[in-house]
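In what follows, a structure is listed as structure tokens, so that the remarks can point back to it.
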Amino acid sequence: MLDQNFIDSGSLLFRETEQISGTRDFCFMAMDSFEKAIHDFSGDEISLQEEVADMVKLVKSTSPRISLLMFMVFKIAEEFRIYTSKNASENKNQTIKEQKKYLETLIHDVKERRKQSAKKLIDFSKTVIQNNDTILLHDASHSIFDILCQAQKDGKNFSILLAEREKKKNMLIIRFLLKHNLDFQVVPEYLLSQVKNQITKAIFGAVTINSLHEVISDAGTGSIVTQLKDWNIPVYIPITNDKFSLWEAKEHHTYKTKRLKTADDIEYEKLTFSHDRYKTDLVTYFITNKGILTSDELNKKYDSYYKECCYWRERNDIM
Amino acid sequence: MFSDFLLFFEPYQTAIASLFFVFVVSAMIFEFVDKVLAMIISICIMMILTIVSPHELIEMIDFNTIFLLLGMMIVVEITKESRLLSWMNIKIVQTTKGDPLILFFLFTLTTFTLSTFLSNATTMMVLVPLTIGITKSMGLDPKPYLLSEIIFSDIGGALTLIGDPTNILIGSANNFSFSDFIQNLWIPIFSISFVIFGVLLVKYWKYVKPIDKSVSKLFLNNLSLRKIEEEFKHKKINKNFLISTAITLSITVLALIFDPFGLPISYIAFFGGTIMLLIATKYTDSHKVFHNVDWHMLLFFIGLFIHIGILEKVGALEPITLILEGNFTTAFELSMVIMWVVGLLSGFVENIPLVAMMIPVLQPLLDSGVIVGNTEMVWYALSLGACLGGNGSLIGSSANMIVAQTAEKMGVKITFWEYFKIGYPITVLALTVASVFIYFVT
């Protein structure tokens, strides 16, 4: 049984790890950790089935929920449930070793499928960056890094304008750009009006899309996207469909905290949020593993997945 | 006129010096004024009252101890700056593979080992954030791990000459070498460690027992380890700085243990620190290292030597020597009384001034030949009492306070009573084990 303290520890760990590594790498780390946990598990067959069910409870209870991780774990748990039920109905005795081996295979398959989705997204992104583009960046997103590397490999000649944000994320992006010898300039994120004529397009990351047709992104991206829409500068968001949050958006995918700050001997509270949100309509194109979609096309795709997953939501009690 | 005024105070010099000493010790306990400031005020007034001259002040200072402390502080600062300790801790955490029991054992062992060579305060400043970070993200309660680290930082510090400031005072006063301490104390310290670890394991079993029957706990543990490795990758570590620090630190420690040239230990520590600083200037700013040296602690020791020297000069300590001489004739009796009194007091009173005061009390007593038996063991009994007694309460040592304060900043509150309920009985148990050892040796 999972208690609230344990779930809170899990939430903290997920949040912190995702912030350091990005969503994609975090999910792969989580899958590796899941695989190792299965390998080290020393209980019996019945306990293993209960423990896999507990894993589902854990990933759906964290705050905020990480949709890609949930998708991966739920897929594994569902396939495992089918496997154990099938064997039970055929009166086949499974040893714990067989069950563990099957779970490890499922984890491996889920990871492979994820890699394939990411690869398809990169393939579709090849037409996005053109020669002499000046691309506005804001997020330390691995998908964006992969897109830029692909464009560089394809011999495209482009430069980067980096909208400066908090130091940690900034330095991640700058280190990447320096490592790959990409021409870049840093501008404050609140003074893009001074450089808007230089920007040909923007590519920003996204954590997920929710049932309100909102993009959930890193803090600060929302206001930039709104500005760019006003200036008619195209905004591209790379996102695979396994990152969609296919449940009713009750919480806002943000973790809210209050911090006590001190300046000039004055103490004051500051609200901070882990993520930003804005409507998909503000985005020009979404680069997905199913192709490059307009916001309307993406919303339709999202709605069809949402309907398909009704059974999945009921089964896993996700409302 | 003024000299006539001063003459009035001459018959009361003993009382004045004793009162000022009480004032300084009170400042340490109740913190109504900074302890070093209290010392400076006392010394200034006593100089004005001609209780002590500037020339005498200088002679009272044990520069051997001061240079040993300064040398070790430089060594510790550079070790921290190179992130050698952080790297070591990450490697240790990776070794545990997330198993709570192995984590408990290895963190305790690391604390014990580091405390033998580095100051307890530095050891805890490095270990506490890591302990809390790892245990919290694994869904474990950090308190059992922190409490074990507090206890073993004091036990480990008792083993070597440089493990605790009280040992530096005792070693310096008696010309004990680094290996003298280890040869005489390894049996009681390892015995105490074994017993105390067993007690803590039984007490905290539900927090540290293996988790291999829970996939979700194993999962969080593994993910925490991956997160720590990822975080560490993003830290800027200069490999050359780390390696050169590790090599010079190892050579310094080996030189302290084996003393191949027969040099005073303070020379080795100071020379080692100087070499490390020379190498470190290639990678970091020496001003930063000097800025972080605990000059406050050095001034504290200088002030303490002066105060004890003044007490000795005015004969304020003689009555204590006479009381001990009149009541104890064997090394065993004296060792037991010293160890238990200092041990039980050290939980609430700073042990450094206690030990500093006992040194000039015990030296004439033991040199007089009145006490029969293995009189050298009296000094080790004093060391055991001072070091183990620091476990008695959260205020028993500065390292304990550092753990409590750092933990509270990270959301883990350890109250005085919470610690006292485990710390004081552990202290009594440790002193009991030490008593058995002293019985057989004396």
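Each chain of the structure tokens is named A, B, ... in the order shown, its residues numbered from 1; ligands are numbered from 1 in display order.
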Let's see if you can do this: from backbone DSSP, list all helix (DSSP H, G or I) residues in segment 250-351 of chain B, as JSON, numbers by chain. {"B": [250, 251, 252, 253, 254, 255, 256, 257, 258, 265, 266, 267, 268, 269, 270, 271, 272, 273, 274, 275, 276, 277, 278, 279, 280, 286, 287, 288, 289, 290, 291, 292, 295, 296, 297, 298, 299, 300, 301, 302, 303, 304, 305, 306, 307, 308, 309, 310, 311, 312, 313, 318, 319, 320, 321, 322, 323, 324, 325, 326, 327, 331, 332, 333, 334, 335, 336, 337, 338, 339, 340, 341, 342, 343, 344, 345, 351]}
Using only C-alpha atoms, I'd like every residue of chain A that has an atom within 7 Å of chain B; please write them out as a short mmCIF file (atom, residue, chain, number, x, y, z; two decimals) with C-alpha atoms, in the first residue's frame.
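So the final result, stored in selection_33.cif, reads:
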data_model
loop_
_atom_site.label_atom_id
_atom_site.label_comp_id
_atom_site.auth_asym_id
_atom_site.auth_seq_id
_atom_site.Cartn_x
_atom_site.Cartn_y
_atom_site.Cartn_z
CA PHE A 6 5.60 8.08 -0.12
CA SER A 9 8.41 11.83 -2.05
CA GLY A 10 7.74 10.43 -5.51
CA LEU A 12 9.29 15.66 -5.42
CA LEU A 13 11.69 13.23 -7.05
CA THR A 17 14.56 14.93 -11.99
CA MET A 29 15.65 7.07 -16.55
CA ALA A 30 12.34 6.09 -14.98
CA SER A 33 14.81 2.32 -12.81
CA PHE A 34 11.58 0.35 -13.23
CA ALA A 37 13.39 -2.65 -9.67
CA ILE A 38 11.78 -5.65 -11.37
CA ASP A 40 15.88 -6.79 -7.86
CA PHE A 41 12.38 -7.74 -6.69
CA SER A 42 12.46 -10.84 -4.49
CA GLY A 43 8.76 -11.42 -3.78
CA GLU A 51 3.39 -4.27 -6.98
CA ASP A 54 1.05 0.01 -7.04
CA MET A 55 3.37 1.47 -9.67
#
8 Å contact set for segment 77-91 of chain A, only C-alpha atoms, chain neighbours under 6 positions out, as a list in words: Gln49, Val52, Ala53, Val56, Tyr102, Leu103 and Leu106 of chain A
Contacts of Trp231 of chain A within 12 Å, only C-alpha atoms, excl. fewer than 3 positions in-chain, as a ChimeraX atom specification: /A:192-193,195-202,224-228,234-235,282
Keeping C-alpha atoms for every residue in the selection just given, could you write it to a file as a JSON list (two decimals), in the first residue's frame?
[["chain", "number", "residue", "atom", "x", "y", "z"],
["A", 192, "LEU", "CA", 12.00, 40.68, -27.69],
["A", 193, "SER", "CA", 10.22, 43.73, -29.15],
["A", 195, "VAL", "CA", 14.72, 42.14, -32.00],
["A", 196, "LYS", "CA", 11.38, 40.99, -33.47],
["A", 197, "ASN", "CA", 12.41, 41.94, -37.01],
["A", 198, "GLN", "CA", 15.33, 39.50, -36.82],
["A", 199, "ILE", "CA", 13.22, 36.48, -35.84],
["A", 200, "THR", "CA", 12.04, 34.26, -38.71],
["A", 201, "LYS", "CA", 10.49, 31.55, -36.56],
["A", 202, "ALA", "CA", 10.37, 30.25, -33.00],
["A", 224, "ILE", "CA", 6.47, 35.03, -25.54],
["A", 225, "VAL", "CA", 4.12, 32.92, -27.68],
["A", 226, "THR", "CA", 1.39, 35.53, -27.26],
["A", 227, "GLN", "CA", 3.75, 38.28, -28.40],
["A", 228, "LEU", "CA", 4.92, 36.26, -31.42],
["A", 234, "PRO", "CA", 5.46, 31.42, -36.78],
["A", 235, "VAL", "CA", 5.74, 29.31, -33.65],
["A", 282, "LEU", "CA", -1.53, 30.59, -30.44]]
So how far away is atom CA of Asp154 of chain B from atom CA of Lys409 of chain B, in Å? 22.4 Å
Gap from atom CA of Glu18 of chain A to atom CA of Val207 of chain A - Å, one decimal: 10.1 Å
Restricting the calculation to only C-alpha atoms: of A:Ser141, A:Asp146, A:Ser63, A:Gln152, which residue gets closest to Asn170 of chain A? A:Ser141
With only C-alpha atoms as the counted atoms, please give the residues lying no more than 10 Å from segment 307-314 of chain B, apart from itself and same-chain residues fewer than 5 positions off, as a PDB file with C-alpha atoms, in the first residue's frame.
ATOM      1  CA  TYR B  12      41.807  39.083  44.536  1.00  0.00           C
ATOM      2  CA  GLN B  13      43.603  37.972  41.358  1.00  0.00           C
ATOM      3  CA  THR B  14      42.605  34.310  41.781  1.00  0.00           C
ATOM      4  CA  ALA B  15      38.944  35.216  42.278  1.00  0.00           C
ATOM      5  CA  ILE B  16      38.973  37.699  39.361  1.00  0.00           C
ATOM      6  CA  ALA B  17      40.591  35.219  36.977  1.00  0.00           C
ATOM      7  CA  SER B  18      38.131  32.489  38.051  1.00  0.00           C
ATOM      8  CA  PHE B  20      36.246  35.810  34.154  1.00  0.00           C
ATOM      9  CA  PHE B  21      36.643  32.143  33.261  1.00  0.00           C
ATOM     10  CA  VAL B  24      33.567  33.093  29.290  1.00  0.00           C
ATOM     11  CA  MET B  39      37.475  36.200  25.965  1.00  0.00           C
ATOM     12  CA  SER B  42      38.260  39.321  29.934  1.00  0.00           C
ATOM     13  CA  ILE B  43      41.867  39.282  28.761  1.00  0.00           C
ATOM     14  CA  MET B  46      43.045  41.271  33.260  1.00  0.00           C
ATOM     15  CA  ILE B  51      47.105  40.001  36.329  1.00  0.00           C
ATOM     16  CA  VAL B  52      48.959  39.078  33.147  1.00  0.00           C
ATOM     17  CA  GLU B  56      53.286  36.250  29.493  1.00  0.00           C
ATOM     18  CA  LEU B  57      50.238  36.099  27.168  1.00  0.00           C
ATOM     19  CA  GLU B  59      54.141  32.370  26.279  1.00  0.00           C
ATOM     20  CA  MET B  60      50.808  30.917  27.359  1.00  0.00           C
ATOM     21  CA  ILE B  61      49.712  30.235  23.780  1.00  0.00           C
ATOM     22  CA  PHE B 301      41.781  28.546  21.102  1.00  0.00           C
ATOM     23  CA  ILE B 302      44.280  31.367  21.595  1.00  0.00           C
ATOM     24  CA  PRO B 353      37.428  24.507  27.895  1.00  0.00           C
ATOM     25  CA  ALA B 356      41.873  22.698  28.538  1.00  0.00           C
ATOM     26  CA  MET B 357      41.238  23.247  32.239  1.00  0.00           C
ATOM     27  CA  MET B 358      41.879  19.591  33.177  1.00  0.00           C
ATOM     28  CA  ILE B 359      45.285  19.480  31.486  1.00  0.00           C
ATOM     29  CA  PRO B 360      47.154  21.743  33.956  1.00  0.00           C
ATOM     30  CA  VAL B 361      45.189  20.058  36.784  1.00  0.00           C
TER      31      VAL B 361
END
Find the spatial neighbours of Ile122 of chain A, counting only C-alpha atoms, within a cut-off of 6 Å - ignore same-chain residues fewer than 3 positions away - and output them as a PyMOL selection string. chain A and resi 119+125+147
Could you dump the residues just selected with C-alpha atoms as a short mmCIF file (atom, residue, chain, number, x, y, z; two decimals), in the first residue's frame?
data_model
loop_
_atom_site.label_atom_id
_atom_site.label_comp_id
_atom_site.auth_asym_id
_atom_site.auth_seq_id
_atom_site.Cartn_x
_atom_site.Cartn_y
_atom_site.Cartn_z
CA LYS A 119 12.77 9.58 -34.48
CA SER A 125 10.99 18.32 -38.64
CA ILE A 147 15.90 19.14 -34.46
#
Skipping near chain neighbours, those fewer than 2 positions away, what residues fall within 8 Å of Gly273 of chain B using only C-alpha atoms, listed as a short mmCIF file (atom, residue, chain, number, x, y, z; two decimals) with C-alpha atoms, in the first residue's frame?
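Saved as out07.cif:
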data_model
loop_
_atom_site.label_atom_id
_atom_site.label_comp_id
_atom_site.auth_asym_id
_atom_site.auth_seq_id
_atom_site.Cartn_x
_atom_site.Cartn_y
_atom_site.Cartn_z
CA GLY B 71 47.14 23.50 8.83
CA MET B 72 44.19 21.10 9.08
CA MET B 73 41.70 23.90 8.36
CA ILE B 74 43.52 24.74 5.13
CA VAL B 75 43.61 21.05 4.22
CA ALA B 269 49.82 19.52 9.10
CA PHE B 270 50.96 23.05 8.35
CA PHE B 271 53.36 21.90 5.63
CA ILE B 275 51.58 22.36 -0.30
CA MET B 276 47.87 21.82 -0.96
CA LEU B 277 47.35 25.57 -1.08
#
Restricting the calculation to only C-alpha atoms, which member of B:Ala255, B:Val342, B:Ala158, B:Leu19 is positioned closest to Ile187 of chain B? B:Ala158
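Between atom CA of Val341 of chain B and atom CA of Lys421 of chain B the interatomic distance comes to 19.7 Å.
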